[in-house]
Amino acid sequence: MVVLIFLFVFGFAFSEELKIIFPSKNTILVEGKQYTIKWKGDVEGKACISVLIGGKDRGIINDCQTDFSKGQYRWRIPDGFVTGFGINMDRNVRIAIFKKENPENVFYSDYFTVSGYEIKKLKTKSPEEAIKLFFLSLNKKDYDTAYNLLSKCKIIIKGKIETFSYLPPKPFIEWKRSVKKIRSVKILGIKDVSFYTDRECEGKKLLGIRTFRIDILLNNKKTTRFLDLVKGSDGNYRILGIGTGP
């Protein structure tokens, strides 16, 4: 009888269950913002909460003194948590919760994403809309929106006569640092200066890339920028490149 009772108690001790309900699969969290990690289950005692990126331990984010019964923990994601590695985001992030005295018995969340900037669905059905929103966002210091308007694709066109390429912008944390020197910006004029030749195969014409001359007041000084834009598969325009010449 004693053996049966021991087996019953021993088995019960390892039947504890816990499910992390937030962050869930496909959730996108943003650096610098605060979120509530939530779980439910019958585990008792104190919880250690850790974060894994690509399977590697990023460290414990609490003091291992959070009661399992509380079912939640507020976490502010530090700036540079993933962008410090020179990337914009990581899609292989997981929460791991365990008891300090039993670190082998770990409960994991689904994989989710931590991004350096807020990913937004923007409606820019014309190049002019995209241009106006981009410079307005810079003027308002809304760097997330401005960065969302930049194409993240690498495009290289090689032909017998022409060769041109567009590179993705710098990672958000670097790009943001570079545009913070813009104190104010105001559009003075927008002009479509797209030029296509009569060649049968012309890369820009084939892709529908359009070039616009933008006269702006940048930090109270008049200047000109040339923007190349293209229409995406979602019907919205994105900025491929920004330069001082056409």
# chains A, B, ... in the order shown; residues from 1 in each chain; ligands from 1
call {"tool": "select_by_dssp", "arguments": {"residues": "range 29-232 of chain A", "states": "strand (DSSP E or B)", "output": "PyMOL selection string"}}
result
chain A and resi 29-30+34-41+46-53+56-60+66-67+72-76+89-99+102-108+112-115+150+155-158+163-166+185-192+210-218+221-231
call {"tool": "residues_around", "arguments": {"residues": "range 189-195 of chain A", "least_positions_apart": "6", "cutoff": "10 Å", "atoms": "only C-alpha atoms", "output": "list in words"}}
result
Pro127, Glu128, Ile131, Lys132, Lys204, Lys205, Gly208, Ile209, Arg210, Thr211, Phe212, Arg213, Ile214, Asp215, Ile216, Leu217, Thr224, Arg225, Phe226, Leu227, Asp228 and Pro246 of chain A
call {"tool": "residues_around", "arguments": {"residues": "range 170-185 of chain A", "least_positions_apart": "2", "cutoff": "8 Å", "atoms": "only C-alpha atoms", "output": "list in words"}}
result
Gly80, Thr83, Gly86, Ile87, Asn88, Gly116, Tyr117, Phe135, Leu136, Leu138, Asn139, Lys141, Tyr143, Tyr147, Pro168, Ile187, Ile216, Leu217, Leu218, Asn219 and Asn220 of chain A
call {"tool": "closest_atom_pairs", "arguments": {"of": "range 63-95 of chain A", "to": "range 36-42 of chain A", "cutoff": "12 Å", "atoms": "only C-alpha atoms", "output": "CSV"}}
result
residue,atom,partner,partner_atom,distance
A:Thr66,CA,A:Ile37,CA,11.7
A:Asp67,CA,A:Trp39,CA,11.4
A:Phe68,CA,A:Asp42,CA,8.2
A:Ser69,CA,A:Asp42,CA,7.8
A:Lys70,CA,A:Trp39,CA,8.8
A:Gly71,CA,A:Trp39,CA,5.0
A:Gln72,CA,A:Lys38,CA,4.3
A:Tyr73,CA,A:Ile37,CA,5.2
A:Arg74,CA,A:Thr36,CA,4.4
A:Trp75,CA,A:Thr36,CA,6.1
A:Arg76,CA,A:Thr36,CA,8.7
A:Ile77,CA,A:Thr36,CA,10.7
A:Arg94,CA,A:Ile37,CA,11.2
A:Ile95,CA,A:Ile37,CA,8.6
call {"tool": "write_last_selection", "arguments": {"atoms": "N, CA, C and O atoms", "output": "compact mmCIF listing (two decimals), in the first residue's frame"}}
result
# COMPACT_ATOMS: atom_id res chain seq x y z
N THR A 66 8.17 35.19 -9.46
CA THR A 66 6.78 35.38 -9.91
C THR A 66 5.97 34.13 -9.59
O THR A 66 6.37 33.02 -9.96
N ASP A 67 4.85 34.30 -8.91
CA ASP A 67 4.00 33.14 -8.58
C ASP A 67 3.37 32.57 -9.84
O ASP A 67 2.79 33.31 -10.64
N PHE A 68 3.46 31.25 -9.99
CA PHE A 68 2.79 30.60 -11.11
C PHE A 68 1.29 30.91 -11.09
O PHE A 68 0.66 31.08 -12.13
N SER A 69 0.72 31.01 -9.89
CA SER A 69 -0.73 31.24 -9.75
C SER A 69 -1.16 32.61 -10.28
O SER A 69 -2.33 32.82 -10.60
N LYS A 70 -0.21 33.53 -10.40
CA LYS A 70 -0.53 34.87 -10.90
C LYS A 70 -0.94 34.83 -12.37
O LYS A 70 -1.76 35.61 -12.84
N GLY A 71 -0.33 33.93 -13.13
CA GLY A 71 -0.73 33.72 -14.52
C GLY A 71 -0.28 34.78 -15.51
O GLY A 71 -0.67 34.73 -16.68
N GLN A 72 0.56 35.70 -15.07
CA GLN A 72 1.02 36.74 -16.00
C GLN A 72 2.26 37.45 -15.47
O GLN A 72 2.56 37.40 -14.28
N TYR A 73 2.95 38.10 -16.40
CA TYR A 73 4.13 38.88 -16.05
C TYR A 73 4.29 39.98 -17.09
O TYR A 73 4.25 39.73 -18.30
N ARG A 74 4.49 41.21 -16.63
CA ARG A 74 4.68 42.35 -17.53
C ARG A 74 6.14 42.42 -17.95
O ARG A 74 7.06 42.41 -17.12
N TRP A 75 6.34 42.48 -19.27
CA TRP A 75 7.70 42.49 -19.81
C TRP A 75 7.86 43.63 -20.78
O TRP A 75 7.15 43.74 -21.77
N ARG A 76 8.82 44.50 -20.50
CA ARG A 76 9.21 45.55 -21.45
C ARG A 76 10.40 45.04 -22.22
O ARG A 76 11.45 44.73 -21.65
N ILE A 77 10.24 44.97 -23.54
CA ILE A 77 11.31 44.45 -24.38
C ILE A 77 12.37 45.54 -24.54
O ILE A 77 12.08 46.63 -25.04
N ARG A 94 10.92 32.43 -28.45
CA ARG A 94 10.02 31.65 -27.60
C ARG A 94 10.19 32.09 -26.15
O ARG A 94 11.28 32.49 -25.72
N ILE A 95 9.10 31.98 -25.39
CA ILE A 95 9.14 32.16 -23.95
C ILE A 95 9.32 30.79 -23.31
O ILE A 95 8.68 29.82 -23.74
call {"tool": "atom_distance", "arguments": {"atom1": "CA of Gly203 in chain A", "atom2": "CA of Asp234 in chain A"}}
result
20.7 Å
call {"tool": "select_by_dssp", "arguments": {"residues": "range 9-132 of chain A", "states": "helix (DSSP H, G or I)", "output": "PyMOL selection string"}}
result
chain A and resi 9-13+68-70+83-85+127-132
call {"tool": "write_last_selection", "arguments": {"atoms": "N, CA and C atoms", "output": "mmCIF file, in the first residue's frame"}}
result
data_model
loop_
_atom_site.group_PDB
_atom_site.id
_atom_site.type_symbol
_atom_site.label_atom_id
_atom_site.label_comp_id
_atom_site.auth_asym_id
_atom_site.auth_seq_id
_atom_site.Cartn_x
_atom_site.Cartn_y
_atom_site.Cartn_z
ATOM 1 N N VAL A 9 1.692 9.684 -5.642
ATOM 2 C CA VAL A 9 2.173 11.039 -5.351
ATOM 3 C C VAL A 9 3.262 11.444 -6.332
ATOM 4 N N PHE A 10 4.184 10.506 -6.609
ATOM 5 C CA PHE A 10 5.281 10.788 -7.536
ATOM 6 C C PHE A 10 4.753 11.120 -8.923
ATOM 7 N N GLY A 11 3.792 10.365 -9.385
ATOM 8 C CA GLY A 11 3.199 10.595 -10.700
ATOM 9 C C GLY A 11 2.434 11.898 -10.755
ATOM 10 N N PHE A 12 1.734 12.237 -9.683
ATOM 11 C CA PHE A 12 0.961 13.474 -9.642
ATOM 12 C C PHE A 12 1.872 14.698 -9.726
ATOM 13 N N ALA A 13 3.050 14.573 -9.059
ATOM 14 C CA ALA A 13 3.983 15.712 -9.027
ATOM 15 C C ALA A 13 4.458 16.077 -10.428
ATOM 16 N N PHE A 68 3.459 31.250 -9.987
ATOM 17 C CA PHE A 68 2.792 30.597 -11.110
ATOM 18 C C PHE A 68 1.292 30.909 -11.089
ATOM 19 N N SER A 69 0.717 31.010 -9.889
ATOM 20 C CA SER A 69 -0.725 31.237 -9.753
ATOM 21 C C SER A 69 -1.155 32.605 -10.277
ATOM 22 N N LYS A 70 -0.206 33.529 -10.399
ATOM 23 C CA LYS A 70 -0.528 34.874 -10.902
ATOM 24 C C LYS A 70 -0.944 34.829 -12.368
ATOM 25 N N THR A 83 17.560 43.757 -32.522
ATOM 26 C CA THR A 83 18.227 44.610 -33.505
ATOM 27 C C THR A 83 19.685 44.846 -33.153
ATOM 28 N N GLY A 84 20.048 44.562 -31.909
ATOM 29 C CA GLY A 84 21.437 44.683 -31.503
ATOM 30 C C GLY A 84 22.344 43.718 -32.248
ATOM 31 N N PHE A 85 21.732 42.716 -32.901
ATOM 32 C CA PHE A 85 22.496 41.760 -33.696
ATOM 33 C C PHE A 85 22.596 42.207 -35.161
ATOM 34 N N PRO A 127 1.795 56.968 -56.080
ATOM 35 C CA PRO A 127 3.140 57.375 -55.640
ATOM 36 C C PRO A 127 3.096 58.650 -54.801
ATOM 37 N N GLU A 128 2.233 59.569 -55.189
ATOM 38 C CA GLU A 128 2.142 60.831 -54.459
ATOM 39 C C GLU A 128 1.721 60.607 -53.003
ATOM 40 N N GLU A 129 0.785 59.671 -52.790
ATOM 41 C CA GLU A 129 0.359 59.354 -51.424
ATOM 42 C C GLU A 129 1.533 58.832 -50.604
ATOM 43 N N ALA A 130 2.310 57.945 -51.201
ATOM 44 C CA ALA A 130 3.445 57.361 -50.491
ATOM 45 C C ALA A 130 4.485 58.432 -50.157
ATOM 46 N N ILE A 131 4.740 59.305 -51.097
ATOM 47 C CA ILE A 131 5.734 60.365 -50.897
ATOM 48 C C ILE A 131 5.295 61.310 -49.785
ATOM 49 N N LYS A 132 4.048 61.757 -49.849
ATOM 50 C CA LYS A 132 3.543 62.685 -48.832
ATOM 51 C C LYS A 132 3.566 62.061 -47.447
#
call {"tool": "closest_residue", "arguments": {"among": "A:Gly241, A:Gly59, A:Gly235, A:Gly32", "to": "Ser165 in chain A", "atoms": "only C-alpha atoms"}}
result
A:Gly241
call {"tool": "atom_distance", "arguments": {"atom1": "CA of Cys153 in chain A", "atom2": "CA of Leu240 in chain A"}}
result
8.1 Å
call {"tool": "atom_distance", "arguments": {"atom1": "CA of Tyr108 in chain A", "atom2": "CA of Cys64 in chain A"}}
result
16.0 Å
call {"tool": "closest_residue", "arguments": {"among": "A:Leu206, A:Gln34, A:Asp57, A:Asp63", "to": "Ile157 in chain A", "atoms": "only C-alpha atoms"}}
result
A:Leu206
call {"tool": "closest_residue", "arguments": {"among": "A:Phe98, A:Thr223, A:Pro23, A:Lys125", "to": "Thr244 in chain A", "atoms": "only C-alpha atoms"}}
result
A:Thr223
call {"tool": "closest_residue", "arguments": {"among": "A:Ile242, A:Ile155, A:Cys48, A:Ile28", "to": "Lys99 in chain A", "atoms": "only C-alpha atoms"}}
result
A:Cys48
call {"tool": "closest_residue", "arguments": {"among": "A:Leu167, A:Val82, A:Ile97, A:Ile119", "to": "Ile60 in chain A", "atoms": "only C-alpha atoms"}}
result
A:Ile97
